[in-house]
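Student: Supplied structure: my_file.csv, CSV, N, CA, C and O atoms.
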```
chain,number,residue,atom,x,y,z
Z,861,MET,N,-48.9,-13.0,-159.8
Z,861,MET,CA,-48.2,-12.2,-158.9
Z,861,MET,C,-47.4,-13.0,-157.9
Z,861,MET,O,-48.0,-14.0,-157.4
Z,862,SER,N,-46.2,-12.7,-157.7
Z,862,SER,CA,-45.3,-13.6,-156.8
Z,862,SER,C,-45.7,-13.3,-155.3
Z,862,SER,O,-46.1,-12.2,-155.0
Z,863,LYS,N,-45.5,-14.3,-154.6
Z,863,LYS,CA,-45.8,-14.2,-153.1
Z,863,LYS,C,-44.7,-13.5,-152.4
Z,863,LYS,O,-43.5,-13.7,-152.7
Z,864,PRO,N,-45.0,-12.5,-151.5
Z,864,PRO,CA,-43.9,-11.8,-150.8
Z,864,PRO,C,-43.1,-12.8,-150.0
Z,864,PRO,O,-43.6,-13.8,-149.5
Z,865,LYS,N,-41.8,-12.4,-149.8
Z,865,LYS,CA,-41.0,-13.3,-149.0
Z,865,LYS,C,-40.0,-12.6,-148.2
Z,865,LYS,O,-39.8,-11.4,-148.4
Z,866,ILE,N,-39.3,-13.3,-147.4
Z,866,ILE,CA,-38.2,-12.8,-146.6
Z,866,ILE,C,-37.0,-13.5,-147.0
Z,866,ILE,O,-37.0,-14.7,-147.3
Z,867,GLU,N,-35.9,-12.8,-147.0
Z,867,GLU,CA,-34.6,-13.4,-147.4
Z,867,GLU,C,-33.6,-13.0,-146.3
Z,867,GLU,O,-33.4,-11.9,-145.9
Z,868,TRP,N,-32.9,-14.1,-145.8
Z,868,TRP,CA,-31.8,-13.9,-144.8
Z,868,TRP,C,-30.5,-14.3,-145.5
Z,868,TRP,O,-30.3,-15.4,-146.0
Z,869,ARG,N,-29.6,-13.3,-145.6
Z,869,ARG,CA,-28.3,-13.6,-146.3
Z,869,ARG,C,-27.2,-13.3,-145.4
Z,869,ARG,O,-27.1,-12.4,-144.6
Z,870,VAL,N,-26.2,-14.2,-145.5
Z,870,VAL,CA,-24.9,-14.1,-144.8
Z,870,VAL,C,-24.0,-13.2,-145.7
Z,870,VAL,O,-23.8,-13.5,-146.8
Z,871,GLN,N,-23.6,-12.0,-145.1
Z,871,GLN,CA,-22.7,-11.1,-145.8
Z,871,GLN,C,-21.3,-11.5,-145.6
Z,871,GLN,O,-20.5,-11.6,-146.5
Z,872,GLU,N,-20.9,-11.7,-144.3
Z,872,GLU,CA,-19.6,-12.2,-143.9
Z,872,GLU,C,-19.8,-12.7,-142.5
Z,872,GLU,O,-20.8,-12.7,-141.9
Z,873,ASN,N,-18.7,-13.1,-141.9
Z,873,ASN,CA,-18.7,-13.7,-140.5
Z,873,ASN,C,-19.4,-12.7,-139.6
Z,873,ASN,O,-19.0,-11.6,-139.3
Z,874,GLY,N,-20.6,-13.2,-139.0
Z,874,GLY,CA,-21.3,-12.4,-138.1
Z,874,GLY,C,-22.1,-11.3,-138.6
Z,874,GLY,O,-22.8,-10.6,-137.8
Z,875,TYR,N,-22.1,-11.0,-139.9
Z,875,TYR,CA,-22.8,-9.9,-140.5
Z,875,TYR,C,-23.9,-10.5,-141.4
Z,875,TYR,O,-23.6,-11.2,-142.4
Z,876,TYR,N,-25.2,-10.2,-141.2
Z,876,TYR,CA,-26.3,-10.7,-141.9
Z,876,TYR,C,-27.2,-9.6,-142.5
Z,876,TYR,O,-27.2,-8.5,-141.9
Z,877,CYS,N,-27.9,-9.9,-143.5
Z,877,CYS,CA,-28.9,-8.9,-144.1
Z,877,CYS,C,-30.2,-9.6,-144.1
Z,877,CYS,O,-30.4,-10.7,-144.6
Z,878,LEU,N,-31.2,-8.9,-143.7
Z,878,LEU,CA,-32.6,-9.4,-143.7
Z,878,LEU,C,-33.4,-8.5,-144.7
Z,878,LEU,O,-33.3,-7.2,-144.6
Z,879,SER,N,-34.0,-9.1,-145.7
Z,879,SER,CA,-34.7,-8.2,-146.7
Z,879,SER,C,-36.1,-8.8,-147.0
Z,879,SER,O,-36.4,-9.9,-146.7
Z,880,GLY,N,-36.9,-8.0,-147.6
Z,880,GLY,CA,-38.2,-8.4,-148.0
Z,880,GLY,C,-39.3,-7.8,-147.1
Z,880,GLY,O,-39.1,-6.7,-146.6
Z,881,ILE,N,-40.4,-8.5,-147.0
Z,881,ILE,CA,-41.5,-8.1,-146.2
Z,881,ILE,C,-41.7,-8.9,-145.0
Z,881,ILE,O,-41.9,-10.1,-145.1
Z,882,LEU,N,-41.5,-8.3,-143.9
Z,882,LEU,CA,-41.6,-9.0,-142.6
Z,882,LEU,C,-42.9,-8.8,-141.9
Z,882,LEU,O,-43.1,-7.8,-141.2
Z,883,GLU,N,-43.9,-9.6,-142.3
Z,883,GLU,CA,-45.3,-9.4,-141.8
Z,883,GLU,C,-46.0,-10.7,-141.6
Z,883,GLU,O,-45.4,-11.8,-141.8
Z,884,ARG,N,-47.2,-10.6,-141.1
Z,884,ARG,CA,-47.9,-11.8,-140.7
Z,884,ARG,C,-48.1,-12.9,-141.8
Z,884,ARG,O,-48.2,-14.0,-141.5
Z,885,ASP,N,-48.0,-12.5,-143.1
Z,885,ASP,CA,-48.2,-13.4,-144.2
Z,885,ASP,C,-46.9,-14.1,-144.5
Z,885,ASP,O,-46.9,-15.2,-145.1
Z,886,THR,N,-45.7,-13.6,-144.1
Z,886,THR,CA,-44.4,-14.1,-144.4
Z,886,THR,C,-43.7,-14.8,-143.2
Z,886,THR,O,-42.9,-15.7,-143.4
Z,887,VAL,N,-43.9,-14.2,-142.0
Z,887,VAL,CA,-43.2,-14.7,-140.9
Z,887,VAL,C,-43.4,-16.1,-140.5
Z,887,VAL,O,-42.4,-16.8,-140.3
Z,888,PRO,N,-44.6,-16.7,-140.4
Z,888,PRO,CA,-44.8,-18.1,-140.0
Z,888,PRO,C,-43.9,-19.1,-140.7
Z,888,PRO,O,-43.2,-19.9,-140.1
Z,889,ALA,N,-44.0,-19.1,-142.0
Z,889,ALA,CA,-43.2,-20.0,-142.8
Z,889,ALA,C,-41.7,-19.8,-142.7
Z,889,ALA,O,-41.0,-20.8,-142.6
Z,890,PHE,N,-41.3,-18.6,-142.6
Z,890,PHE,CA,-39.9,-18.3,-142.5
Z,890,PHE,C,-39.4,-18.7,-141.1
Z,890,PHE,O,-38.3,-19.3,-141.0
Z,891,TRP,N,-40.2,-18.5,-140.1
Z,891,TRP,CA,-39.7,-18.9,-138.7
Z,891,TRP,C,-39.7,-20.4,-138.6
Z,891,TRP,O,-38.8,-20.9,-137.9
Z,892,GLN,N,-40.5,-21.1,-139.2
Z,892,GLN,CA,-40.5,-22.6,-139.2
Z,892,GLN,C,-39.2,-23.1,-139.7
Z,892,GLN,O,-38.8,-24.3,-139.3
Z,893,GLN,N,-38.5,-22.4,-140.5
Z,893,GLN,CA,-37.2,-22.8,-141.0
Z,893,GLN,C,-36.0,-22.2,-140.3
Z,893,GLN,O,-34.9,-22.2,-140.8
Z,894,ASN,N,-36.2,-21.6,-139.1
Z,894,ASN,CA,-35.1,-20.9,-138.4
Z,894,ASN,C,-33.9,-21.7,-138.1
Z,894,ASN,O,-32.8,-21.2,-138.0
Z,895,HIS,N,-34.0,-23.0,-138.1
Z,895,HIS,CA,-32.9,-23.9,-137.9
Z,895,HIS,C,-31.9,-23.8,-139.1
Z,895,HIS,O,-30.7,-24.1,-138.9
Z,896,GLU,N,-32.4,-23.4,-140.2
Z,896,GLU,CA,-31.6,-23.2,-141.4
Z,896,GLU,C,-30.8,-21.9,-141.5
Z,896,GLU,O,-29.8,-21.8,-142.1
Z,897,TRP,N,-31.4,-20.9,-140.8
Z,897,TRP,CA,-30.7,-19.5,-141.0
Z,897,TRP,C,-30.3,-18.9,-139.6
Z,897,TRP,O,-29.6,-17.9,-139.6
Z,898,MET,N,-30.7,-19.5,-138.5
Z,898,MET,CA,-30.4,-18.8,-137.2
Z,898,MET,C,-28.8,-18.8,-137.0
Z,898,MET,O,-28.2,-19.9,-137.1
Z,899,PRO,N,-28.3,-17.6,-136.8
Z,899,PRO,CA,-26.8,-17.5,-136.7
Z,899,PRO,C,-26.3,-18.3,-135.5
Z,899,PRO,O,-26.9,-18.4,-134.5
Z,900,GLN,N,-25.0,-18.8,-135.6
Z,900,GLN,CA,-24.4,-19.5,-134.6
Z,900,GLN,C,-23.2,-18.6,-134.0
Z,900,GLN,O,-22.5,-19.1,-133.2
Z,901,ASP,N,-23.0,-17.4,-134.6
Z,901,ASP,CA,-21.9,-16.5,-134.2
Z,901,ASP,C,-22.1,-16.0,-132.8
Z,901,ASP,O,-23.3,-15.9,-132.3
Z,902,SER,N,-21.1,-15.6,-132.1
Z,902,SER,CA,-21.2,-15.0,-130.8
Z,902,SER,C,-21.6,-13.5,-130.9
Z,902,SER,O,-22.2,-12.9,-130.0
Z,903,GLN,N,-21.2,-12.9,-132.0
Z,903,GLN,CA,-21.5,-11.5,-132.3
Z,903,GLN,C,-22.3,-11.5,-133.6
Z,903,GLN,O,-21.7,-11.8,-134.6
Z,904,VAL,N,-23.6,-11.0,-133.5
Z,904,VAL,CA,-24.4,-11.0,-134.8
Z,904,VAL,C,-24.8,-9.6,-135.1
Z,904,VAL,O,-25.3,-8.9,-134.2
Z,905,LYS,N,-24.5,-9.1,-136.3
Z,905,LYS,CA,-24.9,-7.8,-136.8
Z,905,LYS,C,-25.9,-8.1,-137.9
Z,905,LYS,O,-25.6,-8.8,-138.8
Z,906,LEU,N,-27.2,-7.6,-137.7
Z,906,LEU,CA,-28.2,-7.8,-138.6
Z,906,LEU,C,-28.7,-6.5,-139.2
Z,906,LEU,O,-29.2,-5.6,-138.6
Z,907,ASP,N,-28.4,-6.4,-140.5
Z,907,ASP,CA,-28.8,-5.2,-141.3
Z,907,ASP,C,-30.2,-5.3,-141.8
Z,907,ASP,O,-30.5,-6.2,-142.5
Z,908,LEU,N,-31.0,-4.3,-141.4
Z,908,LEU,CA,-32.4,-4.3,-141.8
Z,908,LEU,C,-32.8,-3.3,-142.9
Z,908,LEU,O,-33.9,-3.1,-143.2
Z,909,ALA,N,-31.8,-2.7,-143.5
Z,909,ALA,CA,-32.0,-1.7,-144.5
Z,909,ALA,C,-32.8,-2.1,-145.7
Z,909,ALA,O,-33.6,-1.3,-146.3
Z,910,ALA,N,-32.8,-3.4,-146.0
Z,910,ALA,CA,-33.5,-3.9,-147.2
Z,910,ALA,C,-34.9,-4.4,-146.9
Z,910,ALA,O,-35.6,-4.9,-147.8
Z,911,LEU,N,-35.4,-4.2,-145.7
Z,911,LEU,CA,-36.8,-4.5,-145.4
Z,911,LEU,C,-37.7,-3.5,-146.0
Z,911,LEU,O,-37.5,-2.3,-145.8
Z,912,THR,N,-38.7,-3.9,-146.7
Z,912,THR,CA,-39.6,-3.0,-147.3
Z,912,THR,C,-40.9,-2.7,-146.5
Z,912,THR,O,-41.6,-1.7,-146.7
Z,913,ARG,N,-41.2,-3.7,-145.6
Z,913,ARG,CA,-42.3,-3.5,-144.7
Z,913,ARG,C,-42.1,-4.4,-143.5
Z,913,ARG,O,-41.6,-5.5,-143.6
Z,914,VAL,N,-42.6,-3.9,-142.3
Z,914,VAL,CA,-42.5,-4.6,-141.1
Z,914,VAL,C,-43.8,-4.4,-140.3
Z,914,VAL,O,-44.2,-3.2,-140.2
Z,915,ASP,N,-44.5,-5.4,-139.9
Z,915,ASP,CA,-45.7,-5.3,-139.0
Z,915,ASP,C,-45.4,-5.9,-137.7
Z,915,ASP,O,-44.2,-6.3,-137.4
Z,916,SER,N,-46.4,-6.0,-136.8
Z,916,SER,CA,-46.2,-6.5,-135.5
Z,916,SER,C,-45.7,-7.9,-135.5
Z,916,SER,O,-44.9,-8.3,-134.6
Z,917,ALA,N,-46.1,-8.7,-136.4
Z,917,ALA,CA,-45.6,-10.1,-136.5
Z,917,ALA,C,-44.1,-10.1,-136.8
Z,917,ALA,O,-43.3,-10.9,-136.2
Z,918,GLY,N,-43.6,-9.2,-137.6
Z,918,GLY,CA,-42.2,-9.1,-137.9
Z,918,GLY,C,-41.4,-8.6,-136.7
Z,918,GLY,O,-40.3,-9.1,-136.4
Z,919,MET,N,-42.0,-7.7,-136.0
Z,919,MET,CA,-41.4,-7.2,-134.7
Z,919,MET,C,-41.2,-8.4,-133.7
Z,919,MET,O,-40.2,-8.5,-133.1
Z,920,VAL,N,-42.3,-9.2,-133.6
Z,920,VAL,CA,-42.2,-10.3,-132.6
Z,920,VAL,C,-41.2,-11.3,-133.1
Z,920,VAL,O,-40.4,-11.9,-132.3
Z,921,MET,N,-41.1,-11.5,-134.4
Z,921,MET,CA,-40.1,-12.5,-134.9
Z,921,MET,C,-38.7,-12.0,-134.5
Z,921,MET,O,-37.8,-12.7,-134.1
Z,922,LEU,N,-38.4,-10.7,-134.7
Z,922,LEU,CA,-37.1,-10.1,-134.3
Z,922,LEU,C,-36.8,-10.2,-132.8
Z,922,LEU,O,-35.7,-10.5,-132.4
Z,923,LEU,N,-37.9,-10.1,-132.0
Z,923,LEU,CA,-37.7,-10.3,-130.6
Z,923,LEU,C,-37.4,-11.7,-130.3
Z,923,LEU,O,-36.5,-12.0,-129.4
Z,924,HIS,N,-38.0,-12.7,-131.0
Z,924,HIS,CA,-37.6,-14.1,-130.8
Z,924,HIS,C,-36.2,-14.4,-131.2
Z,924,HIS,O,-35.5,-15.2,-130.6
Z,925,VAL,N,-35.7,-13.8,-132.3
Z,925,VAL,CA,-34.3,-13.9,-132.8
Z,925,VAL,C,-33.4,-13.4,-131.6
Z,925,VAL,O,-32.5,-14.1,-131.3
Z,926,TYR,N,-33.7,-12.2,-131.1
Z,926,TYR,CA,-32.9,-11.6,-130.0
Z,926,TYR,C,-32.9,-12.6,-128.8
Z,926,TYR,O,-31.8,-12.9,-128.3
Z,927,GLN,N,-34.0,-13.1,-128.4
Z,927,GLN,CA,-34.1,-14.0,-127.2
Z,927,GLN,C,-33.4,-15.3,-127.5
Z,927,GLN,O,-32.6,-15.7,-126.6
Z,928,GLN,N,-33.5,-15.8,-128.6
Z,928,GLN,CA,-32.8,-17.1,-128.9
Z,928,GLN,C,-31.3,-16.9,-129.0
Z,928,GLN,O,-30.6,-17.7,-128.4
Z,929,LEU,N,-30.8,-15.8,-129.6
Z,929,LEU,CA,-29.4,-15.5,-129.6
Z,929,LEU,C,-28.9,-15.3,-128.2
Z,929,LEU,O,-27.8,-15.8,-127.8
Z,930,ARG,N,-29.6,-14.6,-127.3
Z,930,ARG,CA,-29.2,-14.4,-126.0
Z,930,ARG,C,-29.1,-15.7,-125.2
Z,930,ARG,O,-28.2,-15.9,-124.4
Z,931,GLN,N,-30.1,-16.6,-125.4
Z,931,GLN,CA,-30.1,-17.9,-124.7
Z,931,GLN,C,-28.8,-18.7,-125.1
Z,931,GLN,O,-28.3,-19.5,-124.3
Z,932,ASN,N,-28.3,-18.4,-126.3
Z,932,ASN,CA,-27.2,-19.2,-126.8
Z,932,ASN,C,-25.9,-18.4,-126.5
Z,932,ASN,O,-24.8,-18.8,-126.9
Z,933,GLY,N,-26.0,-17.3,-125.7
Z,933,GLY,CA,-24.8,-16.5,-125.3
Z,933,GLY,C,-24.3,-15.6,-126.3
Z,933,GLY,O,-23.2,-15.1,-126.3
Z,934,ALA,N,-25.1,-15.3,-127.3
Z,934,ALA,CA,-24.7,-14.4,-128.4
Z,934,ALA,C,-25.2,-13.0,-128.2
Z,934,ALA,O,-26.2,-12.8,-127.5
Z,935,GLU,N,-24.6,-12.0,-128.9
Z,935,GLU,CA,-25.0,-10.6,-128.8
Z,935,GLU,C,-25.5,-10.2,-130.2
Z,935,GLU,O,-24.9,-10.5,-131.2
Z,936,LEU,N,-26.6,-9.5,-130.2
Z,936,LEU,CA,-27.3,-9.0,-131.4
Z,936,LEU,C,-27.2,-7.5,-131.5
Z,936,LEU,O,-27.4,-6.8,-130.6
Z,937,THR,N,-26.8,-7.0,-132.7
Z,937,THR,CA,-26.8,-5.6,-133.0
Z,937,THR,C,-27.6,-5.4,-134.3
Z,937,THR,O,-27.4,-6.1,-135.3
Z,938,LEU,N,-28.7,-4.6,-134.2
Z,938,LEU,CA,-29.5,-4.3,-135.4
Z,938,LEU,C,-29.0,-3.0,-136.0
Z,938,LEU,O,-28.8,-2.0,-135.4
Z,939,LEU,N,-28.8,-3.1,-137.3
Z,939,LEU,CA,-28.3,-1.9,-138.1
Z,939,LEU,C,-29.4,-1.5,-139.0
Z,939,LEU,O,-30.2,-2.2,-139.5
Z,940,ASN,N,-29.5,-0.1,-139.3
Z,940,ASN,CA,-30.4,0.4,-140.2
Z,940,ASN,C,-31.9,0.0,-139.9
Z,940,ASN,O,-32.6,-0.4,-140.8
Z,941,VAL,N,-32.3,0.2,-138.7
Z,941,VAL,CA,-33.6,-0.2,-138.2
Z,941,VAL,C,-34.6,0.8,-138.9
Z,941,VAL,O,-34.5,2.0,-138.7
Z,942,PRO,N,-35.6,0.2,-139.6
Z,942,PRO,CA,-36.6,1.0,-140.3
Z,942,PRO,C,-37.4,1.8,-139.2
Z,942,PRO,O,-37.7,1.3,-138.2
Z,943,GLU,N,-37.8,3.0,-139.6
Z,943,GLU,CA,-38.6,3.9,-138.7
Z,943,GLU,C,-39.9,3.2,-138.4
Z,943,GLU,O,-40.4,3.3,-137.3
Z,944,GLN,N,-40.5,2.4,-139.3
Z,944,GLN,CA,-41.7,1.7,-139.1
Z,944,GLN,C,-41.6,0.7,-137.9
Z,944,GLN,O,-42.4,0.6,-137.0
Z,945,LEU,N,-40.4,0.0,-137.8
Z,945,LEU,CA,-40.1,-0.9,-136.7
Z,945,LEU,C,-39.9,-0.1,-135.4
Z,945,LEU,O,-40.4,-0.5,-134.3
Z,946,ILE,N,-39.2,1.0,-135.4
Z,946,ILE,CA,-39.0,1.8,-134.2
Z,946,ILE,C,-40.4,2.3,-133.7
Z,946,ILE,O,-40.6,2.2,-132.5
Z,947,THR,N,-41.3,2.7,-134.6
Z,947,THR,CA,-42.6,3.1,-134.1
Z,947,THR,C,-43.4,2.0,-133.5
Z,947,THR,O,-44.0,2.1,-132.4
Z,948,LEU,N,-43.3,0.8,-134.1
Z,948,LEU,CA,-44.0,-0.4,-133.5
Z,948,LEU,C,-43.4,-0.7,-132.1
Z,948,LEU,O,-44.2,-1.0,-131.2
Z,949,LEU,N,-42.1,-0.7,-132.0
Z,949,LEU,CA,-41.5,-0.9,-130.7
Z,949,LEU,C,-42.0,0.1,-129.6
Z,949,LEU,O,-42.3,-0.3,-128.5
Z,950,ARG,N,-42.0,1.3,-130.0
Z,950,ARG,CA,-42.5,2.4,-129.1
Z,950,ARG,C,-44.0,2.2,-128.7
Z,950,ARG,O,-44.3,2.3,-127.5
Z,951,LEU,N,-44.8,1.9,-129.7
Z,951,LEU,CA,-46.2,1.7,-129.4
Z,951,LEU,C,-46.5,0.5,-128.5
Z,951,LEU,O,-47.5,0.5,-127.8
Z,952,SER,N,-45.6,-0.5,-128.6
Z,952,SER,CA,-45.8,-1.7,-127.9
Z,952,SER,C,-45.1,-1.6,-126.5
Z,952,SER,O,-45.1,-2.5,-125.7
Z,953,HIS,N,-44.4,-0.5,-126.2
Z,953,HIS,CA,-43.7,-0.2,-125.0
Z,953,HIS,C,-42.6,-1.3,-124.7
Z,953,HIS,O,-42.4,-1.7,-123.6
Z,954,ILE,N,-42.0,-1.7,-125.8
Z,954,ILE,CA,-40.9,-2.7,-125.6
Z,954,ILE,C,-39.6,-2.2,-126.3
Z,954,ILE,O,-38.7,-3.0,-126.4
Z,955,GLU,N,-39.6,-0.9,-126.6
Z,955,GLU,CA,-38.3,-0.4,-127.2
Z,955,GLU,C,-37.1,-0.6,-126.3
Z,955,GLU,O,-36.0,-0.8,-126.8
Z,956,THR,N,-37.3,-0.6,-125.0
Z,956,THR,CA,-36.2,-0.8,-124.1
Z,956,THR,C,-35.6,-2.2,-124.2
Z,956,THR,O,-34.4,-2.4,-124.0
Z,957,MET,N,-36.4,-3.2,-124.6
Z,957,MET,CA,-35.8,-4.5,-124.8
Z,957,MET,C,-34.8,-4.6,-125.8
Z,957,MET,O,-33.8,-5.3,-125.7
Z,958,LEU,N,-35.0,-3.9,-126.9
Z,958,LEU,CA,-34.0,-3.9,-128.0
Z,958,LEU,C,-33.1,-2.7,-128.1
Z,958,LEU,O,-32.3,-2.6,-129.0
Z,959,ALA,N,-33.3,-1.8,-127.2
Z,959,ALA,CA,-32.5,-0.5,-127.2
Z,959,ALA,C,-31.0,-0.8,-127.3
Z,959,ALA,O,-30.3,-0.1,-128.0
Z,960,ALA,N,-30.6,-1.7,-126.5
Z,960,ALA,CA,-29.1,-2.0,-126.5
Z,960,ALA,C,-28.7,-2.7,-127.8
Z,960,ALA,O,-27.5,-2.6,-128.1
Z,961,CYS,N,-29.6,-3.2,-128.6
Z,961,CYS,CA,-29.2,-3.8,-129.9
Z,961,CYS,C,-29.1,-2.9,-131.0
Z,961,CYS,O,-28.5,-3.2,-132.0
Z,962,VAL,N,-29.8,-1.8,-130.9
Z,962,VAL,CA,-29.9,-0.8,-132.1
Z,962,VAL,C,-28.7,0.0,-132.2
Z,962,VAL,O,-28.2,0.6,-131.3
Z,963,ASP,N,-28.1,0.0,-133.4
Z,963,ASP,CA,-26.9,0.8,-133.7
Z,963,ASP,C,-27.2,1.9,-134.6
Z,963,ASP,O,-27.9,1.7,-135.6
```
Show me the file's structure as structure tokens.
Tutor:
Amino acid sequence: MSKPKIEWRVQENGYYCLSGILERDTVPAFWQQNHEWMPQDSQVKLDLAALTRVDSAGMVMLLHVYQQLRQNGAELTLLNVPEQLITLLRLSHIETMLAACVD
């Protein structure tokens, strides 16, 4: 059985797609390589439609992406946010942090 993974793909300038399983078993190794995939664009659109699962570790990773982009002066827009992630944000009382990002 293959190990679940996360894939970050560049679709076009500033538009990215995140797919796979964003959970505690996949996030640590993926985040360790963030220097390879972290966008350098000033406007970043991240499509989450291809995520099949998101847990609290995945939510925290997305918060870190948001914070790192903001520190670099970039703006993040999340597209096709899974209901599972919206629920996690609400339960964690942090949905307002990413509210401006969700399209």
Student: How far is it from atom CA of Pro888 of chain Z to atom CA of Gly918 of chain Z, in Å with one decimal?
Tutor: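 That distance, rounded to one decimal, is 9.6 Å.
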Student: Can you tell me, as a list in words, what residues are no more than 5 Å from Asp915 of chain Z when counting all atoms listed in the file, ignoring any on the same chain fewer than 3 positions away?
Tutor: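 The contact residues come out as Leu882, Glu883, Gly918 and Met919 of chain Z.
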Student: Just write the chosen residues, N, CA, C and O atoms, as a PDB file, keeping the file's coordinate frame.
Tutor:
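Final file, selection.pdb:
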```
ATOM      1  N   LEU Z 882     -41.500  -8.300-143.900  1.00  0.00           N
ATOM      2  CA  LEU Z 882     -41.600  -9.000-142.600  1.00  0.00           C
ATOM      3  C   LEU Z 882     -42.900  -8.800-141.900  1.00  0.00           C
ATOM      4  O   LEU Z 882     -43.100  -7.800-141.200  1.00  0.00           O
ATOM      5  N   GLU Z 883     -43.900  -9.600-142.300  1.00  0.00           N
ATOM      6  CA  GLU Z 883     -45.300  -9.400-141.800  1.00  0.00           C
ATOM      7  C   GLU Z 883     -46.000 -10.700-141.600  1.00  0.00           C
ATOM      8  O   GLU Z 883     -45.400 -11.800-141.800  1.00  0.00           O
ATOM      9  N   GLY Z 918     -43.600  -9.200-137.600  1.00  0.00           N
ATOM     10  CA  GLY Z 918     -42.200  -9.100-137.900  1.00  0.00           C
ATOM     11  C   GLY Z 918     -41.400  -8.600-136.700  1.00  0.00           C
ATOM     12  O   GLY Z 918     -40.300  -9.100-136.400  1.00  0.00           O
ATOM     13  N   MET Z 919     -42.000  -7.700-136.000  1.00  0.00           N
ATOM     14  CA  MET Z 919     -41.400  -7.200-134.700  1.00  0.00           C
ATOM     15  C   MET Z 919     -41.200  -8.400-133.700  1.00  0.00           C
ATOM     16  O   MET Z 919     -40.200  -8.500-133.100  1.00  0.00           O
TER      17      MET Z 919
END
```
Student: Just give me the gap between atom CA of Asp963 of chain Z and atom O of Thr937 of chain Z in Å, one decimal is fine.
Tutor: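 Going from atom CA of Asp963 of chain Z over to atom O of Thr937 of chain Z covers 7.1 Å.
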Student: Using only C-alpha atoms - which residues lie no farther than 10 Å from the point (-42.7, -14.1, -146.5) in the file's frame? Write them as JSON, numbers by chain.
Tutor: {"Z": [863, 864, 865, 866, 867, 879, 880, 881, 882, 883, 884, 885, 886, 887, 888, 889, 890, 891, 918]}
Student: With all atoms listed in the file as the atoms that count, which of Z:Val941, Z:Thr947, Z:Leu958, Z:Asn873 lies nearest to Leu908 of chain Z?
Tutor: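 Ranked by minimum distance to Leu908 of chain Z, first place goes to Z:Val941.
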Student: Go through Z:Leu878, Z:Val904, Z:Val870, Z:Ile954 one by one, measure the shortest atom-to-atom distance of each to Ala934 of chain Z using all atoms listed in the file, and give the residue with the smallest value.
Tutor: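 The shortest atom-to-atom distance to Ala934 of chain Z comes from Z:Val904.
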Student: Quick one: distance from atom CA of Leu923 of chain Z to atom C of Gln871 of chain Z in Å, one decimal?
Tutor: 22.3 Å
Student: Apply DSSP to the structure's backbone, then extract all residues of segment 898-933 of chain Z labelled strand (DSSP E or B) and return them as a PyMOL selection string.
Tutor: chain Z and resi 903-907+911-914
Student: Skip Leu906 of chain Z itself and residues of its chain fewer than 3 positions away, then list as a VMD selection string all residues within 9 Å of it, counting only C-alpha atoms.
Tutor: chain Z and resid 874 to 878 936 to 940
Student: Skipping near chain neighbours, those fewer than 2 positions away, what residues fall within 10 Å of Leu929 of chain Z using only C-alpha atoms, listed as a count of residues only?
Tutor: 18
Student: Rank Z:Lys905, Z:Val914, Z:Asn894, Z:Trp868 by their smallest atom-to-atom distance to Leu948 of chain Z, using all atoms listed in the file, and report the top residue only.
Tutor: Z:Val914
Student: Let's see if you can do this: from backbone DSSP, list all alpha helix (DSSP H) residues in chain Z, as a VMD selection string.
Tutor: chain Z and resid 887 to 892 894 to 897 916 to 931 943 to 951 955 to 959
Student: Looking at Z:Glu872, Z:Glu955, Z:Leu945, Z:Gln892, which one is nearest to Ala917 of chain Z, with distances taken over only C-alpha atoms?
Tutor: Z:Leu945
